[in-house]
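Content type compact mmCIF, C-alpha atoms, from the file upload-v4.txt:
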# COMPACT_ATOMS: atom_id res chain seq x y z
CA MET C 1 17.73 -8.75 -46.57
CA ASN C 2 17.28 -5.75 -44.28
CA ILE C 3 20.08 -3.26 -43.80
CA HIS C 4 20.68 -0.40 -41.39
CA GLU C 5 19.64 3.20 -42.01
CA TYR C 6 23.22 4.38 -42.51
CA GLN C 7 23.81 1.64 -45.09
CA GLY C 8 20.59 2.50 -46.91
CA LYS C 9 21.66 6.12 -47.06
CA GLN C 10 25.01 5.10 -48.53
CA ILE C 11 23.16 3.32 -51.35
CA LEU C 12 20.79 6.24 -51.91
CA LYS C 13 23.63 8.73 -52.00
CA SER C 14 25.45 6.66 -54.62
CA PHE C 15 22.43 7.16 -56.92
CA GLY C 16 22.26 10.89 -56.36
CA VAL C 17 19.55 10.95 -53.70
CA ALA C 18 20.10 13.77 -51.21
CA VAL C 19 20.30 12.40 -47.64
CA GLN C 20 20.74 13.60 -44.09
CA GLU C 21 24.48 13.17 -43.57
CA GLY C 22 25.84 11.22 -40.62
CA ILE C 23 28.64 9.12 -39.17
CA VAL C 24 28.09 5.70 -37.61
CA ALA C 25 29.58 4.99 -34.17
CA ASP C 26 30.01 1.81 -32.10
CA THR C 27 31.07 3.51 -28.87
CA VAL C 28 30.32 6.68 -26.91
CA GLU C 29 33.81 8.00 -27.68
CA GLN C 30 33.28 7.49 -31.40
CA ALA C 31 29.93 9.27 -31.16
CA VAL C 32 31.56 12.32 -29.56
CA GLU C 33 34.26 12.41 -32.26
CA ALA C 34 31.58 12.07 -34.94
CA ALA C 35 29.70 15.04 -33.46
CA LYS C 36 32.89 17.12 -33.61
CA LYS C 37 33.29 16.20 -37.27
CA MET C 38 29.66 17.11 -37.97
CA LYS C 39 30.22 20.55 -36.39
CA THR C 40 33.23 21.11 -38.64
CA ASP C 41 31.32 20.03 -41.75
CA PHE C 42 28.00 21.75 -41.08
CA ASN C 43 28.80 24.52 -38.57
CA SER C 44 26.18 23.35 -36.06
CA ASP C 45 26.47 22.07 -32.50
CA TRP C 46 23.20 20.19 -32.84
CA VAL C 47 23.17 16.55 -33.97
CA VAL C 48 20.69 13.68 -33.80
CA ILE C 49 21.69 10.37 -32.17
CA LYS C 50 19.83 7.55 -33.91
CA ALA C 51 19.80 3.90 -32.85
CA GLN C 52 20.69 1.51 -35.69
CA ILE C 53 18.47 -1.58 -35.58
CA HIS C 54 16.46 -3.43 -38.21
CA ALA C 55 13.09 -2.02 -37.15
CA GLY C 56 10.99 1.08 -37.60
CA GLY C 57 9.40 3.23 -34.92
CA ARG C 58 12.72 3.91 -33.20
CA GLY C 59 11.70 7.41 -32.20
CA LYS C 60 8.66 6.13 -30.32
CA GLY C 61 10.87 3.71 -28.38
CA GLY C 62 13.39 6.36 -27.34
CA GLY C 63 16.00 5.43 -29.92
CA VAL C 64 16.25 8.84 -31.62
CA LYS C 65 17.39 11.82 -29.54
CA LEU C 66 18.48 15.39 -30.29
CA ALA C 67 21.77 16.54 -28.74
CA LYS C 68 22.58 20.25 -28.59
CA ASN C 69 26.20 20.03 -27.38
CA LEU C 70 28.98 17.49 -26.80
CA ASP C 71 27.88 16.76 -23.23
CA GLU C 72 24.41 15.84 -24.50
CA VAL C 73 25.96 13.76 -27.30
CA LYS C 74 27.87 11.77 -24.68
CA GLN C 75 24.76 11.31 -22.53
CA ARG C 76 22.45 10.37 -25.41
CA ALA C 77 24.96 7.90 -26.85
CA THR C 78 25.47 6.37 -23.39
CA ASP C 79 21.70 5.97 -22.99
CA ILE C 80 21.08 4.46 -26.44
CA LEU C 81 24.10 2.22 -27.02
CA GLY C 82 23.49 -1.17 -25.42
CA MET C 83 19.82 -0.49 -24.69
CA GLN C 84 17.15 -3.07 -25.50
CA LEU C 85 15.07 -0.90 -27.83
CA VAL C 86 11.39 -1.84 -28.00
CA THR C 87 9.37 -0.46 -30.91
CA PRO C 88 6.03 -1.42 -32.50
CA GLN C 89 8.04 -3.51 -35.01
CA THR C 90 10.41 -5.38 -32.65
CA GLY C 91 7.92 -7.14 -30.43
CA PRO C 92 8.06 -6.95 -26.62
CA GLU C 93 11.56 -8.45 -26.46
CA GLY C 94 13.05 -5.51 -28.40
CA LYS C 95 16.47 -5.40 -30.05
CA LYS C 96 19.85 -4.52 -28.59
CA VAL C 97 21.42 -1.38 -30.01
CA ASN C 98 25.04 -1.94 -31.06
CA LYS C 99 25.50 1.14 -33.27
CA VAL C 100 24.27 4.71 -33.44
CA LEU C 101 24.21 7.16 -36.31
CA VAL C 102 25.33 10.67 -35.41
CA ALA C 103 23.38 12.70 -37.96
CA GLN C 104 23.30 16.34 -38.96
CA ASP C 105 20.53 18.63 -37.78
CA VAL C 106 18.41 19.33 -40.87
CA TYR C 107 15.63 21.27 -39.15
CA TYR C 108 17.58 24.53 -39.20
CA PRO C 109 15.79 27.90 -39.49
CA GLY C 110 15.32 29.46 -42.93
CA PRO C 111 13.02 31.44 -45.19
CA SER C 112 10.21 28.83 -45.27
CA ALA C 113 8.67 26.23 -42.99
CA THR C 114 9.90 22.64 -43.05
CA SER C 115 7.54 19.86 -44.22
CA GLU C 116 7.68 16.09 -43.70
CA PHE C 117 6.46 13.63 -46.32
CA TYR C 118 6.22 9.86 -46.54
CA MET C 119 7.49 7.97 -49.59
CA SER C 120 8.15 4.32 -50.41
CA VAL C 121 8.84 2.26 -53.52
CA LEU C 122 7.74 -1.36 -53.60
CA LEU C 123 6.13 -4.06 -55.71
CA ASP C 124 2.34 -4.27 -55.90
CA ARG C 125 2.06 -8.04 -56.29
CA ALA C 126 -1.63 -7.92 -57.20
CA LYS C 127 -0.91 -5.72 -60.22
CA GLY C 128 2.58 -6.97 -61.01
CA ARG C 129 3.95 -3.43 -61.05
CA ASN C 130 6.24 -1.31 -58.93
CA ILE C 131 4.48 1.56 -57.21
CA ILE C 132 5.55 4.74 -55.50
CA MET C 133 3.44 5.31 -52.39
CA TYR C 134 3.55 8.76 -50.86
CA SER C 135 1.75 11.11 -48.50
CA THR C 136 1.86 14.65 -47.19
CA GLU C 137 1.55 13.16 -43.69
CA GLY C 138 5.11 11.97 -43.10
CA GLY C 139 6.56 11.24 -39.68
CA MET C 140 6.19 8.73 -36.88
CA ASP C 141 2.43 8.14 -37.20
CA ILE C 142 2.18 7.04 -40.85
CA GLU C 143 0.51 3.76 -39.81
CA GLU C 144 -2.26 5.74 -38.15
CA VAL C 145 -2.62 7.88 -41.27
CA ALA C 146 -3.03 4.73 -43.40
CA GLU C 147 -5.68 3.38 -41.02
CA LYS C 148 -7.73 6.50 -40.31
CA THR C 149 -7.22 8.74 -43.36
CA PRO C 150 -6.29 6.48 -46.30
CA HIS C 151 -7.32 9.21 -48.77
CA LEU C 152 -4.15 11.07 -47.77
CA ILE C 153 -1.97 8.29 -49.21
CA PHE C 154 -1.32 8.39 -52.97
CA LYS C 155 -0.02 5.66 -55.27
CA GLU C 156 1.75 6.00 -58.61
CA GLU C 157 2.02 2.84 -60.74
CA ILE C 158 5.14 2.39 -62.84
CA ASP C 159 4.79 0.69 -66.22
CA PRO C 160 7.65 -1.86 -66.41
CA LYS C 161 8.06 -1.24 -70.15
CA GLY C 162 8.87 2.44 -69.80
CA GLY C 163 9.90 2.91 -66.18
CA LEU C 164 9.20 6.08 -64.21
CA GLN C 165 8.20 8.92 -66.53
CA GLY C 166 8.94 12.60 -65.98
CA PHE C 167 5.27 13.54 -65.79
CA GLN C 168 4.80 11.02 -62.97
CA ALA C 169 7.61 12.54 -60.90
CA ARG C 170 6.08 15.99 -61.47
CA LYS C 171 2.65 14.69 -60.50
CA ILE C 172 4.04 13.38 -57.21
CA ALA C 173 5.65 16.74 -56.44
CA PHE C 174 2.39 18.51 -57.29
CA ASN C 175 0.28 16.20 -55.09
CA LEU C 176 2.64 16.92 -52.21
CA GLY C 177 1.77 20.59 -52.57
CA LEU C 178 5.21 21.76 -53.67
CA SER C 179 6.07 24.61 -56.00
CA GLY C 180 9.10 26.53 -57.21
CA ALA C 181 12.53 25.24 -56.16
CA ALA C 182 11.07 22.61 -53.82
CA HIS C 183 8.97 21.17 -56.68
CA LYS C 184 12.05 20.84 -58.90
CA GLU C 185 14.05 19.26 -56.07
CA MET C 186 11.29 16.73 -55.39
CA VAL C 187 11.17 15.73 -59.06
CA LYS C 188 14.91 15.03 -58.95
CA PHE C 189 14.54 13.21 -55.63
CA VAL C 190 11.77 10.91 -56.86
CA SER C 191 13.62 10.08 -60.08
CA ALA C 192 16.84 9.23 -58.24
CA LEU C 193 14.99 7.22 -55.59
CA TYR C 194 13.23 5.05 -58.17
CA LYS C 195 16.49 4.50 -60.04
CA ALA C 196 18.12 3.35 -56.79
CA TYR C 197 15.27 0.95 -56.05
CA ASP C 198 15.28 -0.49 -59.56
CA GLN C 199 19.01 -0.92 -60.04
CA THR C 200 19.72 -2.37 -56.60
CA ASP C 201 17.12 -5.15 -57.04
CA SER C 202 15.40 -4.03 -53.85
CA SER C 203 12.05 -5.25 -52.62
CA MET C 204 11.34 -2.04 -50.72
CA PHE C 205 12.65 1.47 -50.15
CA GLU C 206 10.84 3.43 -47.44
CA ILE C 207 11.79 7.02 -46.65
CA ASN C 208 9.99 8.45 -43.65
CA PRO C 209 10.32 11.31 -43.47
CA VAL C 210 11.30 12.89 -46.74
CA LEU C 211 12.04 16.44 -45.60
CA LYS C 212 11.55 19.75 -47.34
CA THR C 213 14.06 21.90 -45.51
CA SER C 214 13.60 25.57 -44.67
CA ASP C 215 15.65 26.45 -47.76
CA ASP C 216 13.62 24.19 -50.09
CA LYS C 217 15.99 21.22 -50.33
CA ILE C 218 14.49 17.72 -50.44
CA ILE C 219 16.39 15.09 -48.44
CA ALA C 220 15.93 11.59 -47.03
CA VAL C 221 16.02 11.84 -43.24
CA ASP C 222 15.54 8.09 -42.80
CA ALA C 223 16.06 5.07 -45.05
CA LYS C 224 14.49 1.66 -44.53
CA VAL C 225 15.78 -0.65 -47.26
CA ASN C 226 14.98 -4.28 -47.96
CA LEU C 227 17.16 -5.95 -50.62
CA ASP C 228 15.97 -8.99 -52.58
CA GLU C 229 18.12 -11.86 -51.29
CA ASN C 230 17.63 -13.77 -54.56
CA ALA C 231 19.49 -11.01 -56.43
CA LEU C 232 22.40 -10.52 -54.02
CA TYR C 233 24.69 -12.57 -56.26
CA ARG C 234 24.63 -9.54 -58.55
CA HIS C 235 25.52 -7.20 -55.68
CA PRO C 236 28.30 -8.68 -53.54
CA ASP C 237 28.99 -5.24 -52.04
CA TYR C 238 25.43 -5.11 -50.73
CA ALA C 239 25.56 -8.73 -49.53
CA ALA C 240 28.52 -7.70 -47.37
CA MET C 241 26.21 -5.27 -45.53
CA ARG C 242 24.35 -8.15 -43.85
CA ASP C 243 24.32 -7.84 -40.05
CA ILE C 244 23.55 -11.27 -38.61
CA THR C 245 23.38 -9.84 -35.07
CA GLU C 246 20.07 -8.28 -36.13
CA GLU C 247 18.60 -11.59 -37.30
CA ASP C 248 16.99 -14.46 -35.44
CA PRO C 249 19.87 -16.82 -34.44
CA THR C 250 17.93 -19.93 -35.47
CA GLU C 251 17.20 -18.44 -38.89
CA VAL C 252 20.92 -17.68 -39.30
CA GLU C 253 21.80 -21.24 -38.29
CA ALA C 254 19.23 -22.59 -40.74
CA SER C 255 20.63 -20.56 -43.64
CA GLU C 256 24.11 -21.94 -42.88
CA SER C 257 22.65 -25.44 -43.31
CA ASN C 258 20.89 -24.40 -46.56
CA LEU C 259 17.48 -24.62 -44.91
CA ASN C 260 14.68 -22.14 -45.58
CA TYR C 261 13.39 -21.43 -42.07
CA VAL C 262 11.08 -18.81 -40.58
CA LYS C 263 10.10 -18.95 -36.92
CA LEU C 264 6.39 -18.60 -36.06
CA ASP C 265 4.41 -18.58 -32.81
CA GLY C 266 2.72 -22.00 -32.90
CA ASN C 267 3.15 -25.40 -31.22
CA VAL C 268 3.73 -27.84 -34.12
CA GLY C 269 7.13 -27.87 -35.78
CA CYS C 270 7.17 -28.48 -39.54
CA MET C 271 9.84 -30.14 -41.68
CA VAL C 272 8.85 -30.26 -45.35
CA ASN C 273 10.47 -30.43 -48.79
CA GLY C 274 9.19 -27.73 -51.12
CA ALA C 275 7.73 -24.32 -50.33
CA GLY C 276 4.25 -25.12 -51.71
CA LEU C 277 4.00 -28.33 -49.72
CA ALA C 278 5.24 -26.46 -46.64
CA MET C 279 2.38 -23.96 -46.98
CA ALA C 280 -0.15 -26.78 -47.42
CA THR C 281 1.29 -28.54 -44.36
CA MET C 282 0.84 -25.40 -42.28
CA ASP C 283 -2.80 -25.29 -43.39
CA ILE C 284 -3.28 -28.95 -42.40
CA ILE C 285 -1.83 -28.26 -38.95
CA LYS C 286 -4.31 -25.42 -38.41
CA ILE C 287 -7.23 -27.58 -39.61
CA ALA C 288 -6.11 -30.27 -37.17
CA GLY C 289 -6.33 -27.82 -34.28
CA GLY C 290 -2.68 -26.88 -33.97
CA GLU C 291 -0.63 -23.84 -34.89
CA PRO C 292 2.54 -24.05 -37.02
CA ALA C 293 5.67 -23.18 -35.05
CA ASN C 294 7.74 -22.56 -38.15
CA PHE C 295 8.10 -22.66 -41.90
CA LEU C 296 10.94 -25.05 -42.75
CA ASP C 297 11.75 -26.21 -46.29
CA VAL C 298 14.59 -28.75 -46.39
CA GLY C 299 14.70 -28.70 -50.21
CA GLY C 300 14.52 -31.53 -52.69
CA THR C 301 17.66 -33.41 -51.66
CA ALA C 302 16.97 -34.09 -47.97
CA ASN C 303 19.37 -36.52 -46.29
CA ALA C 304 20.31 -37.56 -42.75
CA GLN C 305 22.50 -34.48 -42.21
CA THR C 306 19.78 -32.13 -43.45
CA VAL C 307 17.14 -33.81 -41.29
CA LYS C 308 19.38 -33.68 -38.22
CA ALA C 309 20.07 -29.96 -38.70
CA ALA C 310 16.35 -29.33 -39.13
CA PHE C 311 15.54 -31.33 -35.99
CA ASN C 312 18.06 -29.36 -33.95
CA ILE C 313 16.62 -26.04 -35.11
CA ILE C 314 12.98 -27.01 -34.49
CA LEU C 315 13.76 -28.41 -31.02
CA LYS C 316 15.30 -25.12 -29.91
CA ASP C 317 11.79 -23.70 -29.79
CA PRO C 318 10.33 -24.48 -26.33
CA ASN C 319 6.78 -23.98 -27.65
CA VAL C 320 6.98 -27.02 -29.95
CA LYS C 321 4.73 -29.84 -28.70
CA ALA C 322 4.95 -32.06 -31.81
CA ILE C 323 6.87 -32.26 -35.09
CA LEU C 324 5.27 -33.06 -38.45
CA ILE C 325 7.63 -34.24 -41.20
CA ASN C 326 5.94 -34.14 -44.58
CA ILE C 327 8.10 -35.29 -47.51
CA PHE C 328 7.06 -35.92 -51.10
CA GLY C 329 9.51 -38.37 -52.65
CA GLY C 330 9.93 -37.20 -56.19
CA ILE C 331 13.59 -36.32 -56.53
CA VAL C 332 14.49 -38.04 -53.26
CA ARG C 333 13.47 -41.60 -52.31
CA CYS C 334 11.19 -41.83 -49.27
CA ASP C 335 13.09 -44.76 -47.76
CA ARG C 336 16.27 -42.68 -47.74
CA VAL C 337 14.48 -39.88 -45.94
CA ALA C 338 13.00 -42.35 -43.46
CA GLN C 339 16.45 -43.74 -42.74
CA GLY C 340 17.68 -40.18 -42.33
CA VAL C 341 14.94 -39.52 -39.76
CA ILE C 342 15.89 -42.67 -37.85
CA ASP C 343 19.62 -41.89 -37.96
CA ALA C 344 19.06 -38.31 -36.87
CA TYR C 345 16.75 -39.41 -34.04
CA ASN C 346 19.32 -41.91 -32.76
CA GLU C 347 22.16 -39.40 -33.03
CA ILE C 348 20.29 -36.62 -31.25
CA GLY C 349 19.10 -38.97 -28.48
CA ASP C 350 15.98 -38.46 -26.43
CA ILE C 351 13.53 -36.23 -28.30
CA ARG C 352 10.90 -34.93 -25.89
CA VAL C 353 8.06 -34.42 -28.40
CA PRO C 354 6.12 -36.87 -30.60
CA ILE C 355 7.10 -36.97 -34.27
CA ILE C 356 4.72 -37.64 -37.16
CA VAL C 357 6.31 -38.64 -40.45
CA ARG C 358 4.26 -38.55 -43.64
CA LEU C 359 6.15 -39.84 -46.68
CA GLN C 360 4.52 -40.03 -50.09
CA GLY C 361 6.02 -40.90 -53.46
CA THR C 362 8.90 -43.16 -54.45
CA ASN C 363 9.28 -46.11 -52.01
CA ALA C 364 6.69 -44.70 -49.59
CA GLU C 365 5.61 -48.18 -48.40
CA GLU C 366 9.22 -49.17 -47.68
CA ALA C 367 9.71 -45.93 -45.80
CA LYS C 368 6.64 -46.53 -43.63
CA LYS C 369 7.92 -49.99 -42.77
CA LEU C 370 11.29 -48.58 -41.72
CA ILE C 371 9.62 -46.05 -39.44
CA ASP C 372 7.18 -48.57 -37.94
CA GLU C 373 9.94 -51.09 -37.19
CA SER C 374 12.45 -48.56 -35.83
CA GLY C 375 11.18 -48.84 -32.26
CA LEU C 376 11.30 -45.06 -31.95
CA LYS C 377 8.54 -42.75 -30.78
CA VAL C 378 7.65 -41.87 -34.36
CA TYR C 379 4.22 -42.09 -35.98
CA SER C 380 4.10 -42.77 -39.72
CA ALA C 381 1.46 -41.89 -42.31
CA ILE C 382 1.10 -42.00 -46.07
CA LEU C 383 -2.04 -39.91 -46.61
CA LEU C 384 -2.09 -36.26 -45.59
CA LYS C 385 -5.37 -36.84 -43.72
CA GLU C 386 -3.68 -39.56 -41.67
CA ALA C 387 -0.96 -37.10 -40.71
CA ALA C 388 -3.57 -34.50 -39.73
CA ASP C 389 -5.42 -37.05 -37.55
CA LEU C 390 -2.15 -37.95 -35.84
CA VAL C 391 -1.44 -34.28 -35.14
CA THR C 392 -4.86 -34.02 -33.48
CA LYS C 393 -4.16 -37.20 -31.48
CA VAL C 394 -0.77 -36.17 -30.10
CA LEU C 395 -1.93 -32.66 -29.20
CA ALA C 396 -4.98 -33.96 -27.31

When written as structure tokens, how does the structure in this file appear?
Amino acid sequence: MNIHEYQGKQILKSFGVAVQEGIVADTVEQAVEAAKKMKTDFNSDWVVIKAQIHAGGRGKGGGVKLAKNLDEVKQRATDILGMQLVTPQTGPEGKKVNKVLVAQDVYYPGPSATSEFYMSVLLDRAKGRNIIMYSTEGGMDIEEVAEKTPHLIFKEEIDPKGGLQGFQARKIAFNLGLSGAAHKEMVKFVSALYKAYDQTDSSMFEINPVLKTSDDKIIAVDAKVNLDENALYRHPDYAAMRDITEEDPTEVEASESNLNYVKLDGNVGCMVNGAGLAMATMDIIKIAGGEPANFLDVGGTANAQTVKAAFNIILKDPNVKAILINIFGGIVRCDRVAQGVIDAYNEIGDIRVPIIVRLQGTNAEEAKKLIDESGLKVYSAILLKEAADLVTKVLA
């Protein structure tokens, strides 16, 4: 589950990570009041107005602006709130900005130059270990750094038996070229950041940039946080941070029907029980010459209501030219699923695309007979190859 920058900073702060302070605002008036509060707290007229959407690259899209006085705060907030912000991570359609963060100016003058670093904590699935990834080249172009100068990106593996060790935090600070007070502050920052990642059951923390201020403080200027949805039952306060306006409406609808759904860009809708079978079905569709339009796992207890909900979600995608239903009847009987398909088809009415139903397992023959005798525009199959051949046929 993704959360907004301001929410991520709240979590970080609760674990002792120093962050760029700010106040979230839903309206221009609230943004102006927030700027006044920031002036009182930090004795500076300058603030940064930052769009709050679930995507990176906001600065490149015009979603992060400096304001040097209240008039500029009002103008920047007016420009950003309600805009359709397009970034490299949103796609061409962009995302509507409903909130802004009015943040303190942390690039103030001081005895030393400021420096921007990149840092993230995530799981390296190949090695089965958490890693801290970091670079001296923080800022908006970290993707370009990774592509063109990968030697400037460092990785520190964390042994799950012992967790982050002190020498590793010091090594990170050293590799970032820090010394004196800034080195000590970075050691504290890294230790607190890893603790936050570990204890919140997150799948990723990305801080870009981590800033060394002109007076050698180390703070998180941004916070991109992804929480593990499977662990949210342990963190109801974090679960409450979910913003469904930032999510795909069909994926939200699917979750409300207990369906595991992810929209893709293809032309063949998939309805499958079991994640592994769903992945195999997507492969079969590609081999047959199609492209999967979605990942959709209806679970092991599919019934007429589940099938109907899945149909409705798949059919909302105008790119879908065919639907492949692939059910293995282990826990559930195939004839019950077949009857569910027929009932759902009749209840929905005219379905504009051909449907291929492959049922294998308990009562598969009975299920095929039900489909064949239903009189509906539904093709049945028992073998996976049969289903693939039918996909090829209906897409021709």

Residues within 6 Å of C:Ile327, all atoms listed in the file, excluding chain neighbours under 2 positions, as a ChimeraX atom specification:
/C:272-273,359

Pull the closest atom pair for each residue of stretch 20-73 of chain C that gets at most 9 Å from stretch 203-224 of chain C, along with the distance in Å to one decimal, counting all atoms listed in the file, ordering rows by chain and then ascending residue number, as a Markdown table.
| residue | atom | partner | partner_atom | distance |
| --- | --- | --- | --- | --- |
| C:Gln20 | CA | C:Val221 | CA | 5.1 |
| C:Glu21 | CA | C:Val221 | CA | 8.6 |
| C:His54 | CA | C:Lys224 | CA | 8.4 |
| C:Ala55 | CA | C:Lys224 | CA | 8.4 |
| C:Gly56 | CA | C:Lys224 | CA | 7.8 |

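Proximity ranking of C:Ala344, C:Met271, C:Val190, C:Ile351 relative to C:Phe328 places C:Met271 first, based on all atoms listed in the file.
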
Take atom CA of C:Gly299 and atom CA of C:Arg336 and report the distance between them in Å, one decimal.
14.3 Å

Find the residue from C:Val268, C:Leu12, C:Ile382, C:Ala254 that sits nearest to C:Pro318; use all atoms listed in the file when measuring.
C:Val268

Rank nothing, just name the residue among C:Glu144, C:Ile153, C:Asp159, C:Ala322 nearest to C:Ile131, using all atoms listed in the file.
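So, comparing all the options, the nearest one is C:Asp159.
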
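For the choices C:Lys60, C:Ala288, C:Leu259, C:Gly110, the atom-to-atom distance to C:Ala275 is smallest for C:Leu259 when using only C-alpha atoms.
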
Within 12 Å of C:Asn346, counting all atoms listed in the file, which residues qualify if same-chain residues fewer than 6 places away don't, as a VMD selection string?
chain C and resid 304 307 to 308 311 339 to 340 374 to 378
